[in-house]
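> Take a look at upload-v7.cif, mmCIF, C-alpha atoms and all ligand atoms:
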```
data_final
loop_
_atom_site.label_atom_id
_atom_site.label_comp_id
_atom_site.auth_asym_id
_atom_site.auth_seq_id
_atom_site.Cartn_x
_atom_site.Cartn_y
_atom_site.Cartn_z
CA MET A 5 -18.43 9.44 -3.17
CA VAL A 6 -15.67 11.94 -3.75
CA HIS A 7 -13.38 9.05 -4.56
CA GLU A 8 -14.21 9.71 -8.23
CA TRP A 9 -12.11 12.85 -7.89
CA ALA A 10 -8.95 10.82 -7.21
CA LEU A 11 -9.64 8.63 -10.24
CA ALA A 12 -10.21 11.68 -12.43
CA GLU A 13 -7.01 13.20 -11.09
CA SER A 14 -5.10 10.11 -12.20
CA ILE A 15 -6.34 10.55 -15.76
CA ALA A 16 -5.79 14.31 -15.81
CA THR A 17 -2.23 14.20 -14.44
CA TYR A 18 -1.46 11.32 -16.76
CA LEU A 19 -2.58 13.28 -19.83
CA SER A 20 -0.81 16.39 -18.65
CA GLU A 21 2.51 14.77 -17.76
CA LYS A 22 2.82 11.94 -20.24
CA HIS A 23 1.37 13.74 -23.23
CA GLY A 24 1.89 17.31 -22.07
CA GLY A 25 1.03 20.24 -24.30
CA ARG A 26 -1.04 18.32 -26.83
CA ALA A 27 -4.61 18.94 -27.78
CA PHE A 28 -6.53 15.68 -27.87
CA ASN A 29 -9.29 14.89 -30.34
CA LYS A 30 -10.78 12.21 -28.21
CA ILE A 31 -10.20 10.07 -25.15
CA VAL A 32 -12.14 6.94 -24.39
CA ILE A 33 -12.30 5.88 -20.77
CA GLY A 34 -13.24 2.32 -19.92
CA VAL A 35 -15.27 2.17 -16.72
CA GLY A 36 -15.76 -1.24 -15.13
CA ILE A 37 -19.05 -1.34 -13.28
CA LEU A 38 -17.61 -3.32 -10.34
CA GLN A 39 -16.42 -0.11 -8.65
CA SER A 40 -19.86 1.59 -8.91
CA ILE A 41 -18.31 4.75 -10.24
CA ASP A 42 -20.70 7.66 -10.62
CA LEU A 43 -20.15 8.73 -14.23
CA ASP A 44 -21.62 12.21 -13.71
CA ILE A 45 -19.26 12.94 -10.83
CA LEU A 46 -16.31 11.41 -12.69
CA ASP A 47 -17.09 13.50 -15.77
CA PHE A 48 -17.54 16.67 -13.72
CA ALA A 49 -14.26 16.10 -11.84
CA LEU A 50 -12.38 15.21 -15.01
CA ARG A 51 -13.48 18.34 -16.93
CA GLU A 52 -12.66 20.49 -13.91
CA LEU A 53 -9.20 18.95 -13.54
CA LEU A 54 -8.38 19.00 -17.27
CA ASN A 55 -9.16 22.70 -17.11
CA GLN A 56 -6.88 23.16 -14.11
CA TYR A 57 -4.03 21.30 -15.79
CA ASN A 58 -4.70 23.14 -19.03
CA VAL A 59 -5.25 19.95 -21.04
CA LYS A 60 -7.58 20.34 -24.01
CA VAL A 61 -9.74 17.39 -24.95
CA ALA A 62 -12.37 17.84 -27.66
CA LYS A 63 -14.38 14.76 -26.78
CA ILE A 64 -14.54 12.46 -23.77
CA GLU A 65 -16.28 9.12 -24.16
CA TYR A 66 -17.07 6.59 -21.47
CA ARG A 67 -17.53 2.91 -22.15
CA THR A 68 -19.03 0.90 -19.32
CA ILE A 69 -17.76 -2.65 -18.97
CA GLU A 70 -19.67 -5.54 -17.41
CA VAL A 71 -18.11 -7.59 -14.64
CA GLU A 72 -16.92 -11.03 -15.64
CA LEU A 73 -15.37 -13.39 -13.14
CA LYS A 74 -13.68 -16.74 -13.59
CA CYS A 75 -13.00 -19.18 -10.78
CA ARG A 76 -9.42 -20.42 -10.67
CA ALA A 77 -10.42 -23.43 -8.60
CA CYS A 78 -13.26 -24.92 -10.70
CA GLY A 79 -13.15 -22.92 -13.93
CA TYR A 80 -16.68 -21.54 -13.62
CA SER A 81 -17.27 -18.16 -15.31
CA TRP A 82 -20.01 -15.81 -14.28
CA LYS A 83 -21.24 -12.24 -14.57
CA LEU A 84 -21.87 -10.12 -11.53
CA LEU A 85 -24.27 -7.21 -11.33
CA PRO A 86 -23.38 -4.47 -8.84
CA GLU A 87 -26.96 -4.77 -7.49
CA GLU A 88 -26.11 -8.25 -6.26
CA LEU A 89 -23.54 -6.85 -3.82
CA GLY A 90 -24.76 -5.77 -0.41
CA ALA A 91 -24.39 -2.16 0.72
CA GLU A 92 -21.22 -2.76 2.73
CA ALA A 93 -19.52 -4.87 0.06
CA SER A 94 -20.46 -2.33 -2.57
CA GLU A 95 -18.91 0.53 -0.57
CA MET A 96 -15.69 -1.36 0.16
CA ILE A 97 -15.29 -2.49 -3.46
CA HIS A 98 -15.88 1.08 -4.57
CA PHE A 99 -12.68 2.03 -2.74
CA ILE A 100 -10.57 -1.04 -3.52
CA PRO A 101 -12.01 -3.47 -6.10
CA GLU A 102 -9.85 -6.33 -4.73
CA ALA A 103 -12.03 -6.23 -1.60
CA ILE A 104 -14.44 -8.29 -3.74
CA HIS A 105 -12.48 -11.37 -2.64
CA SER A 106 -13.51 -10.75 0.96
CA PHE A 107 -17.22 -10.53 0.15
CA ILE A 108 -17.96 -12.75 -2.87
CA LYS A 109 -17.31 -16.46 -3.40
CA CYS A 110 -17.56 -18.63 -6.51
CA PRO A 111 -21.26 -19.55 -6.83
CA ARG A 112 -20.37 -23.05 -7.96
CA CYS A 113 -17.59 -24.20 -5.61
CA GLY A 114 -17.38 -21.53 -2.89
CA SER A 115 -13.75 -20.57 -3.63
CA ARG A 116 -12.49 -17.01 -3.18
CA ASP A 117 -9.72 -17.71 -5.68
CA TYR A 118 -11.17 -16.25 -8.85
CA GLU A 119 -10.06 -13.69 -11.38
CA VAL A 120 -11.84 -10.49 -12.32
CA LEU A 121 -11.56 -10.89 -16.09
CA LYS A 122 -13.37 -7.67 -16.96
CA GLY A 123 -15.02 -4.69 -15.38
CA ARG A 124 -12.63 -4.03 -12.49
CA GLY A 125 -11.83 -0.32 -12.51
CA ILE A 126 -11.16 2.55 -14.83
CA TYR A 127 -8.48 2.85 -17.46
CA ILE A 128 -7.75 4.86 -20.54
CA GLU A 129 -8.90 2.81 -23.47
CA GLU A 130 -7.99 5.15 -26.25
CA ILE A 131 -6.29 8.49 -26.72
CA SER A 132 -6.26 10.19 -30.09
CA TYR A 133 -4.53 13.32 -31.27
CA ASP A 134 -3.26 14.69 -34.57
CA GLU A 135 0.32 13.70 -35.32
CA GLU A 136 2.57 16.71 -35.76
CA MET B 11 -3.19 6.74 -30.68
CA MET B 12 -2.48 4.89 -27.50
CA ARG B 13 -4.39 2.12 -25.81
CA ASN B 14 -4.97 0.59 -22.42
CA GLU B 15 -2.80 2.84 -20.31
CA ASP B 16 -2.87 2.65 -16.53
CA PRO B 17 -2.96 6.24 -15.27
CA ARG B 18 -2.33 5.12 -11.68
CA ASP B 19 1.38 4.56 -12.43
CA ASN B 20 1.61 8.26 -12.92
CA THR B 21 -0.36 9.26 -9.84
CA ILE B 22 1.54 7.24 -7.25
CA PRO B 23 4.68 9.43 -7.28
CA ILE B 24 2.44 12.50 -6.95
CA ARG B 25 0.74 11.02 -3.87
CA LEU B 26 4.13 10.31 -2.28
CA LYS B 27 5.64 13.67 -3.14
CA GLU B 28 5.32 15.26 0.29
CA ILE B 29 6.75 12.31 2.18
CA SER B 30 10.38 12.83 3.23
CA VAL B 31 11.53 9.37 4.32
CA ILE B 32 10.05 5.91 3.72
CA LEU B 33 10.95 3.16 6.19
CA PRO B 34 9.80 -0.31 5.11
CA ALA B 35 10.17 -3.04 7.73
CA VAL B 36 11.53 -6.00 5.77
CA SER B 37 12.55 -9.55 6.53
CA TYR B 38 13.17 -12.64 4.49
CA LYS B 39 10.41 -14.58 6.22
CA GLY B 40 7.28 -14.06 8.27
CA GLY B 41 6.86 -14.28 12.01
CA VAL B 42 9.95 -12.24 12.96
CA GLY B 43 7.99 -9.37 14.48
CA LYS B 44 7.66 -6.98 11.52
CA THR B 45 4.12 -5.92 12.34
CA THR B 46 4.92 -5.19 15.98
CA ILE B 47 8.14 -3.39 15.11
CA SER B 48 6.67 -1.27 12.31
CA SER B 49 3.63 -0.30 14.42
CA LEU B 50 5.77 0.61 17.42
CA LEU B 51 8.30 2.48 15.33
CA ALA B 52 5.44 4.59 13.96
CA LEU B 53 4.16 5.09 17.51
CA SER B 54 7.52 6.14 18.91
CA LEU B 55 8.17 8.50 15.99
CA ALA B 56 4.74 10.09 16.51
CA ASP B 57 5.44 10.34 20.26
CA SER B 58 8.69 12.14 19.41
CA GLY B 59 6.72 14.80 17.56
CA ALA B 60 7.31 13.68 13.97
CA SER B 61 4.46 13.51 11.46
CA VAL B 62 4.12 9.83 10.68
CA GLY B 63 2.16 7.56 8.41
CA LEU B 64 1.86 3.79 8.73
CA LEU B 65 1.04 1.78 5.63
CA ASP B 66 0.15 -1.88 6.01
CA LEU B 67 1.18 -3.69 2.85
CA ASP B 68 0.94 -7.16 4.33
CA PHE B 69 -2.27 -7.56 2.32
CA THR B 70 -2.96 -11.19 3.06
CA ASN B 71 -2.66 -10.67 6.81
CA PRO B 72 -2.96 -6.97 7.65
CA SER B 73 -2.70 -6.56 11.42
CA THR B 74 -1.12 -3.19 12.33
CA HIS B 75 -4.62 -1.98 13.31
CA LEU B 76 -4.77 -4.84 15.84
CA VAL B 77 -1.45 -3.83 17.39
CA LEU B 78 -2.63 -0.23 17.76
CA GLY B 79 -6.10 -1.20 18.97
CA LEU B 80 -8.20 0.25 16.16
CA ASP B 81 -11.75 -1.11 15.88
CA LEU B 82 -12.63 -1.79 12.23
CA ASN B 83 -16.32 -1.40 12.99
CA VAL B 84 -15.71 2.23 13.88
CA ALA B 85 -12.65 3.25 11.88
CA MET B 86 -13.18 4.07 8.22
CA PRO B 87 -11.14 6.42 6.05
CA ARG B 88 -12.95 9.60 5.01
CA GLU B 89 -13.19 10.65 1.40
CA ASP B 90 -11.89 13.99 0.31
CA LYS B 91 -10.73 14.03 -3.29
CA GLY B 92 -9.22 10.64 -2.51
CA ILE B 93 -9.18 8.81 0.80
CA LEU B 94 -7.69 10.08 4.03
CA PRO B 95 -5.85 7.67 6.35
CA VAL B 96 -7.38 7.08 9.78
CA GLU B 97 -5.59 8.80 12.67
CA VAL B 98 -4.69 6.61 15.63
CA GLU B 99 -2.34 7.76 18.43
CA GLY B 100 -1.13 10.56 16.17
CA ILE B 101 -0.32 8.10 13.34
CA LYS B 102 -1.98 8.24 9.92
CA LEU B 103 -2.85 4.62 9.25
CA MET B 104 -3.82 3.05 5.92
CA THR B 105 -4.54 -0.65 5.66
CA LEU B 106 -6.46 -2.94 3.32
CA ALA B 107 -8.23 -4.20 6.45
CA PHE B 108 -10.44 -1.07 6.35
CA PHE B 109 -11.99 -2.50 3.18
CA THR B 110 -11.87 -6.24 3.69
CA LYS B 111 -13.08 -6.07 7.30
CA ASN B 112 -12.37 -9.37 9.02
CA ASN B 113 -13.06 -11.57 6.00
CA PRO B 114 -10.51 -13.94 4.48
CA THR B 115 -9.03 -12.28 1.40
CA PRO B 116 -6.79 -14.55 -0.66
CA LEU B 117 -5.02 -12.48 -3.31
CA ARG B 118 -2.67 -13.70 -6.03
CA GLY B 119 0.15 -11.67 -7.56
CA LYS B 120 -2.07 -9.90 -10.08
CA GLU B 121 -4.54 -8.85 -7.40
CA LEU B 122 -1.80 -7.84 -4.96
CA ASN B 123 -0.42 -5.59 -7.65
CA GLU B 124 -3.84 -4.05 -8.37
CA ALA B 125 -4.59 -3.47 -4.69
CA PHE B 126 -1.17 -1.86 -4.22
CA LYS B 127 -1.66 0.54 -7.10
CA GLU B 128 -5.21 1.38 -6.06
CA ILE B 129 -4.35 2.15 -2.43
CA LEU B 130 -1.24 4.12 -3.32
CA SER B 131 -2.98 6.16 -6.00
CA ILE B 132 -5.97 7.23 -3.90
CA THR B 133 -4.47 7.74 -0.42
CA ILE B 134 -3.88 11.36 0.47
CA TRP B 135 -1.03 11.37 3.01
CA GLY B 136 -0.17 15.03 2.87
CA LYS B 137 3.13 16.07 4.42
CA LEU B 138 4.92 13.36 6.36
CA ASP B 139 8.36 13.22 7.94
CA PHE B 140 8.22 9.43 7.88
CA LEU B 141 6.11 6.74 6.26
CA VAL B 142 6.64 3.40 7.99
CA ILE B 143 5.57 0.34 6.00
CA ASP B 144 4.71 -3.10 7.31
CA MET B 145 5.90 -5.23 4.41
CA PRO B 146 4.94 -8.77 3.44
CA PRO B 147 7.86 -11.16 4.01
CA GLY B 148 10.52 -11.76 1.40
CA LEU B 149 10.54 -10.61 -2.19
CA SER B 150 7.00 -10.44 -3.48
CA ASP B 151 5.23 -8.36 -6.10
CA ILE B 152 4.59 -5.86 -3.33
CA THR B 153 8.29 -5.53 -2.46
CA LEU B 154 9.12 -5.04 -6.13
CA ASN B 155 6.43 -2.36 -6.40
CA VAL B 156 7.81 -0.58 -3.35
CA LEU B 157 11.23 -0.57 -5.00
CA ARG B 158 9.75 0.65 -8.27
CA PHE B 159 7.72 3.53 -6.88
CA MET B 160 9.56 4.58 -3.73
CA LYS B 161 13.23 3.88 -4.39
CA GLU B 162 14.51 7.45 -3.91
CA LYS B 163 13.17 7.78 -0.37
CA LEU B 164 13.66 4.23 0.77
CA TYR B 165 15.56 3.31 3.96
CA PRO B 166 14.73 -0.30 4.82
CA LEU B 167 14.68 -1.53 8.36
CA VAL B 168 15.84 -5.15 8.23
CA ILE B 169 14.47 -7.47 10.88
CA SER B 170 16.04 -10.77 11.80
CA SER B 171 14.86 -13.42 14.17
CA SER B 172 17.37 -14.86 16.63
CA SER B 173 17.92 -18.11 14.76
CA LYS B 174 21.09 -19.17 13.00
CA LEU B 175 18.89 -20.00 10.04
CA SER B 176 18.11 -16.32 9.75
CA ILE B 177 21.66 -15.20 9.09
CA HIS B 178 22.21 -16.15 5.45
CA PRO B 179 18.84 -15.17 4.02
CA THR B 180 18.96 -11.87 5.93
CA ILE B 181 22.42 -11.09 4.59
CA ASN B 182 21.22 -11.94 1.10
CA LEU B 183 18.30 -9.58 1.52
CA ILE B 184 20.67 -6.79 2.63
CA ARG B 185 23.01 -7.48 -0.30
CA MET B 186 20.12 -7.41 -2.73
CA PHE B 187 19.20 -3.95 -1.51
CA SER B 188 22.77 -2.68 -1.66
CA GLU B 189 23.15 -4.02 -5.22
CA ILE B 190 20.54 -1.53 -6.32
CA GLY B 191 21.97 1.28 -4.24
CA ILE B 192 19.72 1.06 -1.18
CA LEU B 193 21.42 0.94 2.20
CA PRO B 194 19.35 -0.32 5.13
CA ILE B 195 19.06 2.29 7.86
CA ALA B 196 19.24 -0.32 10.61
CA LEU B 197 19.07 -3.99 11.41
CA ILE B 198 17.00 -5.20 14.29
CA LEU B 199 17.74 -8.50 15.95
CA ASN B 200 14.51 -9.58 17.55
CA GLU B 201 15.60 -11.82 20.38
CA GLY B 202 13.58 -14.88 21.25
CA ALA B 203 14.30 -17.76 23.54
CA GLY B 204 17.98 -18.11 22.66
CA SER B 205 21.15 -17.61 24.73
CA PRO B 206 23.44 -14.55 24.88
CA LYS B 207 26.09 -16.67 23.14
CA LEU B 208 23.77 -17.30 20.20
CA TYR B 209 22.87 -13.61 19.95
CA SER B 210 26.48 -12.49 19.85
CA GLU B 211 27.24 -15.13 17.21
CA ILE B 212 24.42 -13.75 15.03
CA LEU B 213 25.44 -10.16 15.68
CA ASP B 214 29.04 -10.94 14.69
CA ALA B 215 27.82 -12.23 11.35
CA TYR B 216 25.79 -9.07 10.70
CA GLN B 217 28.54 -6.72 11.83
CA LYS B 218 30.67 -7.89 8.92
CA GLU B 219 28.06 -6.55 6.51
CA ASN B 220 27.59 -2.98 5.41
CA ILE B 221 24.48 -2.14 7.42
CA GLY B 222 23.49 0.97 9.30
CA LYS B 223 23.02 0.63 13.02
CA ILE B 224 22.27 -2.69 14.66
CA PHE B 225 19.68 -2.82 17.42
CA ARG B 226 18.81 -5.67 19.72
CA ILE B 227 15.35 -6.06 21.06
CA GLU B 228 15.22 -8.16 24.19
CA ARG B 229 12.46 -10.68 24.55
CA ASP B 230 9.55 -9.15 26.45
CA ASP B 231 6.68 -11.32 27.61
CA ARG B 232 4.53 -8.25 28.28
CA ILE B 233 4.00 -7.67 24.57
CA GLU B 234 1.17 -10.21 24.15
CA ASN B 235 -0.94 -8.43 26.75
CA ALA B 236 -0.07 -5.03 25.36
CA TYR B 237 -1.44 -5.61 21.84
CA GLY B 238 -4.34 -3.28 21.22
CA ASN B 239 -3.37 -1.02 24.13
CA PRO B 240 -0.97 1.79 23.18
CA ASP B 241 -0.29 2.75 26.81
CA LEU B 242 0.90 -0.76 27.63
CA LEU B 243 2.84 -0.93 24.35
CA ARG B 244 4.80 2.14 25.44
CA LYS B 245 6.07 0.20 28.49
CA THR B 246 7.64 -2.65 26.47
CA THR B 247 11.31 -3.19 25.63
CA VAL B 248 10.39 -3.12 21.92
CA TYR B 249 9.09 0.41 22.32
CA ALA B 250 12.19 1.45 24.29
CA ALA B 251 14.53 0.14 21.58
CA LEU B 252 12.50 1.79 18.83
CA LYS B 253 12.42 5.05 20.76
CA GLN B 254 16.21 5.03 20.51
CA LEU B 255 15.97 4.35 16.78
CA SER B 256 13.42 7.18 16.47
CA ARG B 257 15.84 9.63 18.07
CA ASP B 258 18.53 8.54 15.61
CA LEU B 259 16.15 8.91 12.68
CA LEU B 260 15.08 12.39 13.78
CA ALA B 261 18.74 13.38 14.25
CA THR B 262 19.62 12.05 10.78
CA PHE B 263 16.70 13.36 8.78
CA GLY B 264 15.26 16.16 10.91
CA LYS B 265 11.67 17.25 10.95
CA LYS B 266 10.39 18.90 7.83
CA SER B 267 6.69 19.27 8.43
ZN ZN C 1 -15.42 -22.27 -8.41
#
```
Could the structure of this file be written out as structure tokens, please?

Amino acid sequence: MVHEWALAESIATYLSEKHGGRAFNKIVIGVGILQSIDLDILDFALRELLNQYNVKVAKIEYRTIEVELKCRACGYSWKLLPEELGAEASEMIHFIPEAIHSFIKCPRCGSRDYEVLKGRGIYIEEISYDEE
Amino acid sequence: MMRNEDPRDNTIPIRLKEISVILPAVSYKGGVGKTTISSLLALSLADSGASVGLLDLDFTNPSTHLVLGLDLNVAMPREDKGILPVEVEGIKLMTLAFFTKNNPTPLRGKELNEAFKEILSITIWGKLDFLVIDMPPGLSDITLNVLRFMKEKLYPLVISSSSKLSIHPTINLIRMFSEIGILPIALILNEGAGSPKLYSEILDAYQKENIGKIFRIERDDRIENAYGNPDLLRKTTVYAALKQLSRDLLATFGKKS
């Protein structure tokens, strides 16, 4: 799943363009488990790309985030484990997390109108650097 | 220290960097033939030798793959440091349908926005002379995102049905674009079951506006049977009209890749 590379590239170009030239003490990356991202591949790609863009980061931390869903139709909230998704759904959601609405329904009322409260994709949770 | 940044905002312009011209097919309402026109414009541009992408942003009802006859059971984008569009008839196609298959996929504004950013930040288009976009109708989150991320390269193709009720909202749509400095490249009047008198009345109204070229597409009953079959699509009046538009576009912008 080389898709991790594109996600890593987003983070690397973001750090290089938006905060160019800095040395970072630490970045924390939130990784929602819905997208079944391979952390080893993501980490490998990110270090490779940070090197390429000449961005120095002393420490990279990953925080995995559980998937929480809330039905907009009946109000039911539930947690979803990636293992509960079939192989096809899992692959499609890996590419585009919103594809979840085509494969999963609310377990209580059957609606596809629910919100992914937590655990959707990856984002930068924290960036720290010394103020000049 | 900064928190909760979305790095995709930064990646989207990088992914679009090698695209010369972006042509979104827009209309104020659905059912005016946007999907057919955007698919056939991409086809005629590709037939003319341009490198062309087709992006289906009508997320709740993606159907450009149906027009071009692409089987979702077979077609799936490949991964290579991102995802590569699927080639069909020389067009690089990207659609949410690859991932939702034929399942119903109701998405609200928040989800439409997420799906937009995800697709745009991971699709590797490479060099393109033209990216044609099948847009959802009217002004949605998607339209606003297209304006936000693609404004510099944007040349909308405005599509109007042949109803008097189309005139005012279509003119408003055109004015809204021109207010922010975007001039439509062309207006297409998609003729239905009306009379020549009605068409000229509608055309008169549009000719008073500051629009690029105006094209008429005559009603063609062959189109229903041609869906899914590119060879039959090439024999329709829609294709013929869009071939003319393609020549104009190539003359205006040239081929860069
Ligand atoms: Zn429910």
> Go through A:Gly123, A:Gly114, A:Gly34, A:Gly24 and flag the residue nearest chain B, using only C-alpha atoms for the distances.
A:Gly34
> Quick one: residues within 10 Å of Gly119 in chain B, all atoms listed in the file, excluding same-chain residues fewer than 2 positions away - as an mmCIF file with C-alpha atoms, keeping the file's coordinate frame?

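What landed in around11.cif:
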```cif
data_model
loop_
_atom_site.group_PDB
_atom_site.id
_atom_site.type_symbol
_atom_site.label_atom_id
_atom_site.label_comp_id
_atom_site.auth_asym_id
_atom_site.auth_seq_id
_atom_site.Cartn_x
_atom_site.Cartn_y
_atom_site.Cartn_z
ATOM 1 C CA LEU B 117 -5.020 -12.480 -3.310
ATOM 2 C CA GLU B 121 -4.540 -8.850 -7.400
ATOM 3 C CA LEU B 122 -1.800 -7.840 -4.960
ATOM 4 C CA ASN B 123 -0.420 -5.590 -7.650
ATOM 5 C CA GLU B 124 -3.840 -4.050 -8.370
ATOM 6 C CA ALA B 125 -4.590 -3.470 -4.690
ATOM 7 C CA SER B 150 7.000 -10.440 -3.480
ATOM 8 C CA ASP B 151 5.230 -8.360 -6.100
ATOM 9 C CA ILE B 152 4.590 -5.860 -3.330
#
```
> Provide the CA of Ser131 in chain B to CA of Ser54 in chain B distance in Å, to one decimal place.
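Rounded to one decimal, the two atoms are 27.0 Å apart.
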> Pick out the chain A residues within 8 Å of chain B. Count all atoms listed in the file. Give them as a count of residues only.
31
> Residues near Leu64 in chain B, anyone? I mean within 8 Å using all atoms listed in the file, not counting same-chain ones fewer than 3 positions away, as a list in words.
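My reading of the contact set: Ser48, Ser49, Ala52, Ile101, Lys102, Leu103, Met104, Leu141, Val142, Ile143 and Asp144 of chain B.
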> Restricting the calculation to all atoms listed in the file, which member of A:Arg67, A:Lys30, A:Lys109, A:Lys22 is positioned closest to ligand ZN 1 (chain C)?
A:Lys109
> Report, in Å with one decimal, the straight-line distance from CA of Glu70 in chain A to CA of Asp47 in chain A.
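Taking CA of Glu70 in chain A and CA of Asp47 in chain A, their separation equals 19.3 Å.
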> Could the centre and edge lengths of an axis-aligned box, enclosing all atoms of range 39-42 of chain A in the file with 6 Å extra on each side, be given in Å to one decimal as lines of an AutoDock Vina configuration file?

```
center_x = -18.6
center_y = 3.8
center_z = -9.6
size_x = 16.3
size_y = 19.8
size_z = 14.0
```
> Taking 2 positions as the minimum chain separation for residues in the same chain, which residues sit within 10 Å of range 81-92 of chain A when counting only C-alpha atoms? Answer as an MDAnalysis selection string.
(chainID A and resid 37:40 70:76 78:79 94:98 104 107:108 110:112 118:123) or (chainID B and resid 109 111)
> Output C-alpha atoms of each residue in that selection to a file, as a PDB file, in the coordinates of the input.

```pdb
ATOM      1  CA  ILE A  37     -19.050  -1.340 -13.280  1.00  0.00           C
ATOM      2  CA  LEU A  38     -17.610  -3.320 -10.340  1.00  0.00           C
ATOM      3  CA  GLN A  39     -16.420  -0.110  -8.650  1.00  0.00           C
ATOM      4  CA  SER A  40     -19.860   1.590  -8.910  1.00  0.00           C
ATOM      5  CA  GLU A  70     -19.670  -5.540 -17.410  1.00  0.00           C
ATOM      6  CA  VAL A  71     -18.110  -7.590 -14.640  1.00  0.00           C
ATOM      7  CA  GLU A  72     -16.920 -11.030 -15.640  1.00  0.00           C
ATOM      8  CA  LEU A  73     -15.370 -13.390 -13.140  1.00  0.00           C
ATOM      9  CA  LYS A  74     -13.680 -16.740 -13.590  1.00  0.00           C
ATOM     10  CA  CYS A  75     -13.000 -19.180 -10.780  1.00  0.00           C
ATOM     11  CA  ARG A  76      -9.420 -20.420 -10.670  1.00  0.00           C
ATOM     12  CA  CYS A  78     -13.260 -24.920 -10.700  1.00  0.00           C
ATOM     13  CA  GLY A  79     -13.150 -22.920 -13.930  1.00  0.00           C
ATOM     14  CA  SER A  94     -20.460  -2.330  -2.570  1.00  0.00           C
ATOM     15  CA  GLU A  95     -18.910   0.530  -0.570  1.00  0.00           C
ATOM     16  CA  MET A  96     -15.690  -1.360   0.160  1.00  0.00           C
ATOM     17  CA  ILE A  97     -15.290  -2.490  -3.460  1.00  0.00           C
ATOM     18  CA  HIS A  98     -15.880   1.080  -4.570  1.00  0.00           C
ATOM     19  CA  ILE A 104     -14.440  -8.290  -3.740  1.00  0.00           C
ATOM     20  CA  PHE A 107     -17.220 -10.530   0.150  1.00  0.00           C
ATOM     21  CA  ILE A 108     -17.960 -12.750  -2.870  1.00  0.00           C
ATOM     22  CA  CYS A 110     -17.560 -18.630  -6.510  1.00  0.00           C
ATOM     23  CA  PRO A 111     -21.260 -19.550  -6.830  1.00  0.00           C
ATOM     24  CA  ARG A 112     -20.370 -23.050  -7.960  1.00  0.00           C
ATOM     25  CA  TYR A 118     -11.170 -16.250  -8.850  1.00  0.00           C
ATOM     26  CA  GLU A 119     -10.060 -13.690 -11.380  1.00  0.00           C
ATOM     27  CA  VAL A 120     -11.840 -10.490 -12.320  1.00  0.00           C
ATOM     28  CA  LEU A 121     -11.560 -10.890 -16.090  1.00  0.00           C
ATOM     29  CA  LYS A 122     -13.370  -7.670 -16.960  1.00  0.00           C
ATOM     30  CA  GLY A 123     -15.020  -4.690 -15.380  1.00  0.00           C
TER      31      GLY A 123
ATOM     32  CA  PHE B 109     -11.990  -2.500   3.180  1.00  0.00           C
ATOM     33  CA  LYS B 111     -13.080  -6.070   7.300  1.00  0.00           C
TER      34      LYS B 111
END
```
> Grab the CA of Leu197 in chain B to CA of Arg244 in chain B distance for me, in Å with one decimal place.
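Interatomic distance here is 20.9 Å.
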